[in-house]
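As stored in entry.cif (mmCIF, C-alpha atoms):
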```cif
data_run
#
loop_
_atom_site.group_PDB
_atom_site.id
_atom_site.type_symbol
_atom_site.label_atom_id
_atom_site.label_comp_id
_atom_site.auth_asym_id
_atom_site.auth_seq_id
_atom_site.Cartn_x
_atom_site.Cartn_y
_atom_site.Cartn_z
ATOM 1 C CA MET A 1 88.339 85.904 52.678
ATOM 2 C CA GLN A 2 87.486 86.156 49.007
ATOM 3 C CA PRO A 3 90.065 84.709 46.589
ATOM 4 C CA ASN A 4 92.029 87.319 44.655
ATOM 5 C CA PRO A 5 92.401 87.274 40.868
ATOM 6 C CA THR A 6 95.760 86.016 39.726
ATOM 7 C CA LEU A 7 98.052 88.038 37.481
ATOM 8 C CA ASP A 8 97.641 85.329 34.861
ATOM 9 C CA GLN A 9 93.872 85.827 34.910
ATOM 10 C CA LEU A 10 94.279 89.588 34.610
ATOM 11 C CA GLN A 11 96.652 89.193 31.673
ATOM 12 C CA ILE A 12 94.129 86.962 29.948
ATOM 13 C CA LEU A 13 91.373 89.509 30.666
ATOM 14 C CA VAL A 14 93.398 92.320 29.090
ATOM 15 C CA THR A 15 94.247 90.193 26.068
ATOM 16 C CA VAL A 16 90.600 89.195 25.511
ATOM 17 C CA ALA A 17 89.592 92.854 25.729
ATOM 18 C CA ASP A 18 92.338 93.868 23.274
ATOM 19 C CA THR A 19 91.749 91.083 20.730
ATOM 20 C CA GLY A 20 87.948 90.915 20.982
ATOM 21 C CA SER A 21 87.474 87.172 21.413
ATOM 22 C CA PHE A 22 88.571 84.102 23.343
ATOM 23 C CA SER A 23 89.949 82.434 20.230
ATOM 24 C CA ALA A 24 92.034 85.484 19.234
ATOM 25 C CA ALA A 25 93.335 85.809 22.799
ATOM 26 C CA GLY A 26 94.287 82.131 22.760
ATOM 27 C CA ARG A 27 96.248 82.582 19.547
ATOM 28 C CA LYS A 28 98.068 85.636 20.888
ATOM 29 C CA LEU A 29 98.935 83.927 24.184
ATOM 30 C CA ASN A 30 99.602 80.570 22.506
ATOM 31 C CA ARG A 31 97.001 78.838 24.656
ATOM 32 C CA ALA A 32 93.976 76.706 23.910
ATOM 33 C CA GLN A 33 90.637 78.530 23.755
ATOM 34 C CA SER A 34 89.350 76.252 26.516
ATOM 35 C CA VAL A 35 92.116 77.515 28.838
ATOM 36 C CA ILE A 36 91.143 81.107 28.086
ATOM 37 C CA SER A 37 87.452 80.373 28.714
ATOM 38 C CA TYR A 38 88.223 78.593 31.997
ATOM 39 C CA ALA A 39 90.399 81.454 33.268
ATOM 40 C CA ILE A 40 87.758 84.066 32.450
ATOM 41 C CA ALA A 41 85.003 81.951 34.061
ATOM 42 C CA ASN A 42 87.031 81.704 37.285
ATOM 43 C CA LEU A 43 87.724 85.438 37.219
ATOM 44 C CA GLU A 44 84.034 86.234 36.748
ATOM 45 C CA ALA A 45 83.167 83.978 39.678
ATOM 46 C CA GLN A 46 85.733 85.678 41.915
ATOM 47 C CA LEU A 47 84.581 89.189 40.983
ATOM 48 C CA GLY A 48 80.883 88.389 40.841
ATOM 49 C CA LEU A 49 80.711 90.064 37.411
ATOM 50 C CA GLN A 50 80.363 88.956 33.828
ATOM 51 C CA LEU A 51 83.087 89.907 31.400
ATOM 52 C CA THR A 52 80.652 92.204 29.594
ATOM 53 C CA GLU A 53 79.967 94.033 32.879
ATOM 54 C CA ILE A 54 83.600 94.797 33.640
ATOM 55 C CA GLY A 55 84.011 98.536 33.203
ATOM 56 C CA ARG A 56 86.734 100.583 31.600
ATOM 57 C CA ALA A 57 88.191 101.631 34.971
ATOM 58 C CA MET A 58 88.502 98.024 36.125
ATOM 59 C CA LEU A 59 90.144 97.076 32.842
ATOM 60 C CA GLU A 60 92.669 99.910 33.250
ATOM 61 C CA ASP A 61 93.440 98.628 36.758
ATOM 62 C CA ALA A 62 94.145 95.224 35.247
ATOM 63 C CA ARG A 63 96.435 96.823 32.643
ATOM 64 C CA ARG A 64 98.418 98.611 35.345
ATOM 65 C CA MET A 65 98.855 95.419 37.343
ATOM 66 C CA THR A 66 100.004 93.401 34.337
ATOM 67 C CA GLY A 67 102.312 96.290 33.409
ATOM 68 C CA VAL A 68 103.941 96.079 36.845
ATOM 69 C CA LEU A 69 104.408 92.341 36.327
ATOM 70 C CA GLN A 70 106.071 92.933 32.960
ATOM 71 C CA ARG A 71 108.449 95.483 34.489
ATOM 72 C CA ILE A 72 109.375 93.022 37.236
ATOM 73 C CA ARG A 73 110.118 90.390 34.624
ATOM 74 C CA SER A 74 112.173 92.877 32.595
ATOM 75 C CA ARG A 75 114.179 93.872 35.655
ATOM 76 C CA VAL A 76 114.923 90.248 36.447
ATOM 77 C CA ASP A 77 115.932 89.575 32.836
ATOM 78 C CA GLY A 78 118.146 92.657 32.898
ATOM 79 C CA TYR A 79 119.740 91.542 36.164
ATOM 80 C CA HIS A 80 120.622 88.169 34.664
ATOM 81 C CA GLN A 81 122.153 89.988 31.672
ATOM 82 C CA GLY A 82 124.256 92.246 33.935
ATOM 83 C CA LEU A 83 122.081 95.345 33.445
ATOM 84 C CA GLU A 84 122.117 97.658 36.442
ATOM 85 C CA ALA A 85 118.871 98.412 38.296
ATOM 86 C CA GLU A 86 119.833 102.075 38.728
ATOM 87 C CA VAL A 87 122.374 104.522 37.340
ATOM 88 C CA ALA A 88 123.551 107.457 39.452
ATOM 89 C CA LEU A 89 124.687 110.228 37.116
ATOM 90 C CA SER A 90 126.484 113.435 38.109
ATOM 91 C CA VAL A 91 126.604 116.115 35.395
ATOM 92 C CA ASP A 92 128.323 119.492 35.293
ATOM 93 C CA ALA A 93 125.877 122.359 34.807
ATOM 94 C CA ALA A 94 128.089 123.607 31.961
ATOM 95 C CA LEU A 95 127.154 120.599 29.809
ATOM 96 C CA PRO A 96 124.780 121.794 27.048
ATOM 97 C CA SER A 97 121.276 121.181 28.373
ATOM 98 C CA PRO A 98 119.890 120.175 24.943
ATOM 99 C CA VAL A 99 122.484 117.384 24.877
ATOM 100 C CA LEU A 100 121.477 116.195 28.345
ATOM 101 C CA VAL A 101 117.795 116.152 27.385
ATOM 102 C CA ARG A 102 118.426 114.208 24.169
ATOM 103 C CA VAL A 103 120.565 111.633 25.936
ATOM 104 C CA LEU A 104 118.062 111.107 28.745
ATOM 105 C CA LYS A 105 115.140 110.780 26.319
ATOM 106 C CA ALA A 106 117.055 108.092 24.457
ATOM 107 C CA PHE A 107 118.008 106.458 27.775
ATOM 108 C CA GLU A 108 114.358 106.214 28.818
ATOM 109 C CA ALA A 109 113.493 104.491 25.551
ATOM 110 C CA GLN A 110 116.520 102.178 25.615
ATOM 111 C CA PHE A 111 116.401 101.189 29.303
ATOM 112 C CA PRO A 112 112.806 101.540 30.553
ATOM 113 C CA THR A 113 113.494 99.356 33.607
ATOM 114 C CA VAL A 114 116.634 101.183 34.777
ATOM 115 C CA MET A 115 116.044 103.921 37.331
ATOM 116 C CA LEU A 116 118.075 107.130 37.187
ATOM 117 C CA ARG A 117 119.440 109.410 39.882
ATOM 118 C CA LEU A 118 120.668 112.696 38.419
ATOM 119 C CA HIS A 119 122.746 115.319 40.209
ATOM 120 C CA ILE A 120 123.693 118.623 38.589
ATOM 121 C CA GLY A 121 126.839 120.180 40.045
ATOM 122 C CA THR A 122 129.874 122.211 39.083
ATOM 123 C CA LEU A 123 133.614 121.760 38.719
ATOM 124 C CA GLY A 124 135.200 119.429 41.310
ATOM 125 C CA LEU A 125 131.894 118.129 42.673
ATOM 126 C CA ILE A 126 131.553 115.836 39.657
ATOM 127 C CA PRO A 127 134.749 113.793 40.236
ATOM 128 C CA ASP A 128 134.060 113.976 43.983
ATOM 129 C CA HIS A 129 130.756 112.174 43.452
ATOM 130 C CA VAL A 130 132.448 109.561 41.282
ATOM 131 C CA VAL A 131 135.343 108.872 43.664
ATOM 132 C CA SER A 132 133.047 108.685 46.699
ATOM 133 C CA GLY A 133 130.667 106.278 44.939
ATOM 134 C CA GLN A 134 127.748 108.709 44.991
ATOM 135 C CA ALA A 135 127.754 108.597 41.185
ATOM 136 C CA ASP A 136 128.370 105.644 38.890
ATOM 137 C CA LEU A 137 129.196 108.037 36.089
ATOM 138 C CA GLY A 138 130.249 111.684 35.958
ATOM 139 C CA VAL A 139 130.179 114.064 32.996
ATOM 140 C CA GLY A 140 132.074 117.342 33.035
ATOM 141 C CA GLY A 141 135.410 119.102 32.767
ATOM 142 C CA LEU A 142 138.547 118.388 34.730
ATOM 143 C CA LEU A 143 140.289 120.704 37.182
ATOM 144 C CA GLY A 144 142.680 119.914 39.999
ATOM 145 C CA GLU A 145 143.873 116.556 41.255
ATOM 146 C CA VAL A 146 141.754 113.550 40.368
ATOM 147 C CA ASP A 147 142.040 109.775 40.296
ATOM 148 C CA VAL A 148 139.369 108.552 37.915
ATOM 149 C CA HIS A 149 139.139 106.788 34.581
ATOM 150 C CA LEU A 150 138.385 109.319 31.849
ATOM 151 C CA VAL A 151 136.824 109.025 28.424
ATOM 152 C CA ARG A 152 137.021 112.175 26.349
ATOM 153 C CA ILE A 153 133.561 112.868 24.893
ATOM 154 C CA GLY A 154 133.820 116.346 23.417
ATOM 155 C CA PHE A 155 134.531 119.997 23.977
ATOM 156 C CA MET A 156 132.782 123.106 25.183
ATOM 157 C CA SER A 157 133.570 126.640 24.033
ATOM 158 C CA ILE A 158 133.955 129.293 26.739
ATOM 159 C CA VAL A 159 133.675 132.967 25.766
ATOM 160 C CA LEU A 160 134.012 136.181 27.751
ATOM 161 C CA ALA A 161 131.015 138.474 27.687
ATOM 162 C CA ALA A 162 129.291 141.389 29.391
ATOM 163 C CA ALA A 163 126.108 143.409 29.109
ATOM 164 C CA PRO A 164 126.165 145.922 26.230
ATOM 165 C CA GLY A 165 126.247 148.850 28.666
ATOM 166 C CA HIS A 166 129.159 147.468 30.711
ATOM 167 C CA PRO A 167 132.279 149.693 30.602
ATOM 168 C CA LEU A 168 134.403 146.915 29.067
ATOM 169 C CA ALA A 169 131.890 146.522 26.233
ATOM 170 C CA LEU A 170 132.215 150.227 25.365
ATOM 171 C CA LEU A 171 136.015 150.338 25.086
ATOM 172 C CA PRO A 172 137.930 150.065 21.787
ATOM 173 C CA LYS A 173 138.938 146.508 20.966
ATOM 174 C CA PRO A 174 141.017 144.693 21.955
ATOM 175 C CA VAL A 175 140.672 145.701 25.608
ATOM 176 C CA ALA A 176 143.961 145.964 27.483
ATOM 177 C CA ILE A 177 144.640 143.790 30.538
ATOM 178 C CA GLU A 178 144.980 146.917 32.689
ATOM 179 C CA GLU A 179 141.361 147.823 31.921
ATOM 180 C CA VAL A 180 140.142 144.284 32.540
ATOM 181 C CA ARG A 181 141.638 144.153 36.021
ATOM 182 C CA GLU A 182 139.695 147.214 37.174
ATOM 183 C CA HIS A 183 136.209 145.753 36.660
ATOM 184 C CA THR A 184 134.437 143.140 38.794
ATOM 185 C CA GLN A 185 134.719 139.632 37.368
ATOM 186 C CA LEU A 186 132.035 137.052 38.169
ATOM 187 C CA VAL A 187 133.579 133.678 39.022
ATOM 188 C CA VAL A 188 131.928 130.333 39.764
ATOM 189 C CA THR A 189 133.632 128.897 42.845
ATOM 190 C CA ASP A 190 134.441 125.213 43.134
ATOM 191 C CA GLN A 191 132.417 123.843 46.055
ATOM 192 C CA SER A 192 134.735 120.862 46.347
ATOM 193 C CA GLU A 193 138.231 120.958 47.873
ATOM 194 C CA ARG A 194 139.969 119.893 44.659
ATOM 195 C CA THR A 195 140.959 123.380 43.514
ATOM 196 C CA LYS A 196 141.077 125.113 46.884
ATOM 197 C CA GLY A 197 143.264 128.213 46.670
ATOM 198 C CA ARG A 198 143.550 128.023 42.879
ATOM 199 C CA ASP A 199 141.896 130.244 40.270
ATOM 200 C CA PHE A 200 141.386 129.514 36.579
ATOM 201 C CA GLY A 201 140.927 132.354 34.098
ATOM 202 C CA VAL A 202 140.637 135.065 36.783
ATOM 203 C CA PHE A 203 142.119 138.415 35.673
ATOM 204 C CA ALA A 204 140.366 141.073 37.762
ATOM 205 C CA TYR A 205 141.520 142.443 41.092
ATOM 206 C CA ARG A 206 137.927 142.397 42.346
ATOM 207 C CA THR A 207 135.733 139.310 42.012
ATOM 208 C CA TRP A 208 132.301 138.150 43.039
ATOM 209 C CA ARG A 209 132.272 134.441 43.870
ATOM 210 C CA LEU A 210 129.158 132.490 42.925
ATOM 211 C CA THR A 211 128.140 128.884 43.399
ATOM 212 C CA ASP A 212 126.288 128.278 40.142
ATOM 213 C CA LEU A 213 126.435 129.078 36.440
ATOM 214 C CA ARG A 214 122.821 130.243 36.043
ATOM 215 C CA THR A 215 123.199 132.970 38.661
ATOM 216 C CA LYS A 216 126.382 134.154 36.961
ATOM 217 C CA HIS A 217 124.517 134.313 33.654
ATOM 218 C CA MET A 218 121.680 136.323 35.190
ATOM 219 C CA LEU A 219 123.991 138.825 36.906
ATOM 220 C CA MET A 220 126.046 139.339 33.745
ATOM 221 C CA ARG A 221 122.884 140.140 31.786
ATOM 222 C CA GLU A 222 122.045 142.761 34.418
ATOM 223 C CA GLY A 223 125.468 144.386 34.049
ATOM 224 C CA LEU A 224 126.753 143.327 37.461
ATOM 225 C CA GLY A 225 130.093 142.107 36.210
ATOM 226 C CA TRP A 226 131.786 140.320 33.323
ATOM 227 C CA GLY A 227 133.030 136.772 32.944
ATOM 228 C CA GLY A 228 133.266 133.600 30.917
ATOM 229 C CA LEU A 229 130.278 131.424 30.042
ATOM 230 C CA PRO A 230 129.679 128.483 27.683
ATOM 231 C CA ARG A 231 128.884 129.716 24.191
ATOM 232 C CA TRP A 232 125.842 127.419 23.970
ATOM 233 C CA LEU A 233 124.338 129.008 27.095
ATOM 234 C CA ILE A 234 124.574 132.614 25.855
ATOM 235 C CA ALA A 235 124.170 132.109 22.105
ATOM 236 C CA ASP A 236 120.707 133.694 22.110
ATOM 237 C CA ASP A 237 121.925 136.591 24.255
ATOM 238 C CA LEU A 238 124.808 137.277 21.872
ATOM 239 C CA ALA A 239 122.492 137.108 18.866
ATOM 240 C CA SER A 240 119.935 139.481 20.423
ATOM 241 C CA GLY A 241 122.467 141.878 21.921
ATOM 242 C CA ARG A 242 121.558 141.220 25.567
ATOM 243 C CA LEU A 243 125.224 140.270 25.977
ATOM 244 C CA VAL A 244 128.245 141.155 23.855
ATOM 245 C CA GLU A 245 131.390 139.117 23.386
ATOM 246 C CA LEU A 246 134.493 140.771 24.813
ATOM 247 C CA ASP A 247 137.765 140.971 22.930
ATOM 248 C CA LEU A 248 140.346 140.976 25.718
ATOM 249 C CA GLU A 249 144.074 141.133 25.090
ATOM 250 C CA PRO A 250 145.103 138.278 27.408
ATOM 251 C CA TYR A 251 142.322 135.899 26.461
ATOM 252 C CA SER A 252 141.140 133.949 23.442
ATOM 253 C CA GLU A 253 138.133 131.676 23.220
ATOM 254 C CA VAL A 254 138.830 128.414 25.043
ATOM 255 C CA ARG A 255 137.622 124.987 23.968
ATOM 256 C CA SER A 256 137.491 123.086 27.251
ATOM 257 C CA PRO A 257 137.485 119.283 26.995
ATOM 258 C CA LEU A 258 134.556 117.367 28.449
ATOM 259 C CA PHE A 259 134.934 113.891 29.913
ATOM 260 C CA ALA A 260 132.853 110.984 31.070
ATOM 261 C CA MET A 261 134.415 109.585 34.221
ATOM 262 C CA HIS A 262 134.071 106.547 36.447
ATOM 263 C CA ARG A 263 136.072 104.981 39.257
ATOM 264 C CA THR A 264 139.277 103.220 38.316
ATOM 265 C CA ASP A 265 138.280 100.086 40.225
ATOM 266 C CA ARG A 266 134.908 99.708 38.501
ATOM 267 C CA SER A 267 134.055 99.157 34.865
ATOM 268 C CA PRO A 268 130.803 100.756 33.655
ATOM 269 C CA LYS A 269 127.878 98.365 33.370
ATOM 270 C CA PRO A 270 125.758 98.246 30.200
ATOM 271 C CA ALA A 271 123.517 101.267 30.805
ATOM 272 C CA ALA A 272 126.385 103.488 32.007
ATOM 273 C CA ALA A 273 128.575 102.401 29.068
ATOM 274 C CA TRP A 274 125.704 103.242 26.715
ATOM 275 C CA LEU A 275 125.422 106.691 28.296
ATOM 276 C CA ILE A 276 129.106 107.402 27.653
ATOM 277 C CA ASP A 277 128.677 106.599 23.968
ATOM 278 C CA GLN A 278 125.494 108.654 23.697
ATOM 279 C CA PHE A 279 127.008 111.733 25.318
ATOM 280 C CA LYS A 280 129.882 111.561 22.825
ATOM 281 C CA ARG A 281 127.500 111.199 19.880
ATOM 282 C CA GLN A 282 125.125 113.940 20.989
ATOM 283 C CA LEU A 283 127.921 116.403 21.706
ATOM 284 C CA GLY A 284 129.132 115.759 18.176
ATOM 285 C CA CYS A 285 125.657 116.495 16.807
ATOM 286 C CA PHE A 286 125.616 119.680 18.872
ATOM 287 C CA ASN A 287 128.539 121.051 16.843
ATOM 288 C CA GLU A 288 130.920 121.197 19.774
ATOM 289 C CA PHE A 289 133.498 119.480 17.583
ATOM 290 C CA GLU A 290 135.242 120.896 14.550
ATOM 291 C CA PRO A 291 133.143 120.325 11.387
ATOM 292 C CA GLY A 292 133.257 116.702 10.355
ATOM 293 C CA GLN A 293 135.281 115.613 13.391
ATOM 294 C CA VAL A 294 134.214 113.199 16.103
ATOM 295 C CA PRO A 295 136.813 112.113 18.678
ATOM 296 C CA GLU A 296 138.146 108.630 18.327
ATOM 297 C CA ASP A 297 137.356 106.180 21.078
ATOM 298 C CA GLU A 298 140.074 107.151 23.507
ATOM 299 C CA SER A 299 140.214 106.753 27.223
ATOM 300 C CA GLU A 300 142.773 107.433 29.871
ATOM 301 C CA THR A 301 143.260 107.145 33.574
ATOM 302 C CA VAL A 302 144.519 110.392 35.016
ATOM 303 C CA HIS A 303 146.407 110.750 38.279
ATOM 304 C CA ARG A 304 147.596 114.284 38.920
#
```
For this file, produce the structure as structure tokens.
Amino acid sequence: MQPNPTLDQLQILVTVADTGSFSAAGRKLNRAQSVISYAIANLEAQLGLQLTEIGRAMLEDARRMTGVLQRIRSRVDGYHQGLEAEVALSVDAALPSPVLVRVLKAFEAQFPTVMLRLHIGTLGLIPDHVVSGQADLGVGGLLGEVDVHLVRIGFMSIVLAAAPGHPLALLPKPVAIEEVREHTQLVVTDQSERTKGRDFGVFAYRTWRLTDLRTKHMLMREGLGWGGLPRWLIADDLASGRLVELDLEPYSEVRSPLFAMHRTDRSPKPAAAWLIDQFKRQLGCFNEFEPGQVPEDESETVHR
């Protein structure tokens, strides 16, 4: 069986190709030029090719293999420093998607060796995932009974809206509660058992129960009911007139708190702790706080 090139030989090959000479490669790798020459000579003998004959594709293969080696080394270094190999993150769909994207882009740059498992859910599913251990970190609101450690990271504004042709949108403002009750309200149902039998912000006698926020948004735009949605999600619709904000007598705009949450018996490891801080910072940049205000570092364990 033919001897295989070593990773050290491949790293030297890539460095020679990048620097243009044996002497420059030696300086970059802090090795004698004779060591570089010897390694390349052995590699040429094993491949049956001269260095000048090695093609671009073969060089790219060598780069990929040395890249894998560097990632392995980084993972090992991270392990020794307490850095987790993977973070399981459960996020409420109501969290502003631009914030999620910004945080995850920064996460990729900050922790290139840490793998990510991301679950998007709603309401009680987020703390469920945290308590069960399916998620190392949850991000969302808080409803019902829960036993998790909470860090307040920001707020989200919820507004009531309907399509411009909906009967509630055509009535004089403010709209009386008696009128509100007569029209179908679209409600996202908690798929967990945490709020079973309990409703939050439900005024109408007739409701359609949905399992996700995006479907609710779509149906409201088509005039198939009214309901509350995050302001960030429908800002463009309100600006263009595809949806109109409702002025209802029993309701004023709600600023719902958002939390990062983890199990009470586990402290977040470095990457998860970094995520908590980044979500707080990015929500602040997203103007979910009052102008000039960013929450102080405050955390609490809630049992209710």
Which residues are near Ser256 in chain A? Cut-off 12 Å, all atoms listed in the file, ignore same chain within fewer than 5 positions. Put them as a short mmCIF file (atom, residue, chain, number, x, y, z; two decimals) with C-alpha atoms, in the frame of the given file.
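Dumped everything to selection-v1.cif:
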```
data_model
loop_
_atom_site.label_atom_id
_atom_site.label_comp_id
_atom_site.auth_asym_id
_atom_site.auth_seq_id
_atom_site.Cartn_x
_atom_site.Cartn_y
_atom_site.Cartn_z
CA ALA A 94 128.09 123.61 31.96
CA LEU A 95 127.15 120.60 29.81
CA GLY A 140 132.07 117.34 33.03
CA GLY A 141 135.41 119.10 32.77
CA LEU A 142 138.55 118.39 34.73
CA LEU A 143 140.29 120.70 37.18
CA ARG A 152 137.02 112.18 26.35
CA ILE A 153 133.56 112.87 24.89
CA GLY A 154 133.82 116.35 23.42
CA PHE A 155 134.53 120.00 23.98
CA MET A 156 132.78 123.11 25.18
CA SER A 157 133.57 126.64 24.03
CA ILE A 158 133.96 129.29 26.74
CA VAL A 159 133.68 132.97 25.77
CA PHE A 200 141.39 129.51 36.58
CA GLY A 228 133.27 133.60 30.92
CA LEU A 229 130.28 131.42 30.04
CA PRO A 230 129.68 128.48 27.68
CA ARG A 231 128.88 129.72 24.19
CA GLU A 288 130.92 121.20 19.77
CA PHE A 289 133.50 119.48 17.58
#
```
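Here the PyMOL selection byres ((chain A and resi 101-108) around 8) captures the residues Ser97, Pro98, Val99, Leu100, Ala109, Gln110, Phe111, Pro112, Leu275, Gln278, Phe279 and Gln282 of chain A.
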* **Long-range neighbours of Leu51 in chain A as a list in words, 12 Å cut-off, all atoms listed in the file, 2 positions minimum in chain** => Leu10, Ile12, Leu13, Val14, Val16, Ala17, Gly20, Ser21, Phe22, Ser37, Ala39, Ile40, Ala41, Asn42, Leu43, Glu44, Ala45, Gln46, Leu47, Gly48, Leu49, Glu53, Ile54, Gly55, Arg56, Met58 and Leu59 of chain A
* To do: Do a neighbour search on range 114-121 of chain A at 8 Å with only C-alpha atoms, toss out local chain neighbours closer than 5 positions, and write the hits as number ranges by chain.
  => A: 75, 84-93, 126, 271
Emit the selected residues as a PDB file, keeping the file's coordinate frame, including C-alpha atoms.
```
ATOM      1  CA  ARG A  75     114.179  93.872  35.655  1.00  0.00           C
ATOM      2  CA  GLU A  84     122.117  97.658  36.442  1.00  0.00           C
ATOM      3  CA  ALA A  85     118.871  98.412  38.296  1.00  0.00           C
ATOM      4  CA  GLU A  86     119.833 102.075  38.728  1.00  0.00           C
ATOM      5  CA  VAL A  87     122.374 104.522  37.340  1.00  0.00           C
ATOM      6  CA  ALA A  88     123.551 107.457  39.452  1.00  0.00           C
ATOM      7  CA  LEU A  89     124.687 110.228  37.116  1.00  0.00           C
ATOM      8  CA  SER A  90     126.484 113.435  38.109  1.00  0.00           C
ATOM      9  CA  VAL A  91     126.604 116.115  35.395  1.00  0.00           C
ATOM     10  CA  ASP A  92     128.323 119.492  35.293  1.00  0.00           C
ATOM     11  CA  ALA A  93     125.877 122.359  34.807  1.00  0.00           C
ATOM     12  CA  ILE A 126     131.553 115.836  39.657  1.00  0.00           C
ATOM     13  CA  ALA A 271     123.517 101.267  30.805  1.00  0.00           C
TER      14      ALA A 271
END
```
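Nearest to Phe203 in chain A of all the residues A:Leu69, A:Ala272, A:Ala176, A:Met261 is A:Ala176, counting all atoms listed in the file.
Between Ser267 in chain A and the candidates A:His149, A:Lys28, A:Arg221, A:His129, the tightest atom-to-atom separation, counting all atoms listed in the file, involves A:His149.
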* **Between CA of Ala204 in chain A and CA of Val146 in chain A - distance in Å to one decimal** => 27.7 Å
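Ranking A:His166, A:Ala161, A:Met218, A:Thr264 by their shortest atom-to-atom distance to Asp147 in chain A, with only C-alpha atoms included, puts A:Thr264 first.
Put simply, CA of Arg281 in chain A is 25.4 Å away from CA of Arg214 in chain A.
Across the model, the gap from CA of Trp226 in chain A to CA of Ala169 in chain A is 9.4 Å.
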* Surrounding residues of Gly225 in chain A excluding itself and chain neighbours under 4 positions, 10 Å, only C-alpha atoms, as a PyMOL selection string -> chain A and resi 161-163+166-168+183-187+206-208+216-217+219-221
* Quick one: of A:Leu137, A:Leu160, A:Gly67, A:Ala32, who's nearest to Leu238 in chain A, counting all atoms listed in the file? -> A:Leu160
* Selected residue of minimal separation from Arg263 in chain A among A:Asn30, A:Ser132, A:Leu125, A:Leu7, counting all atoms listed in the file -> A:Ser132
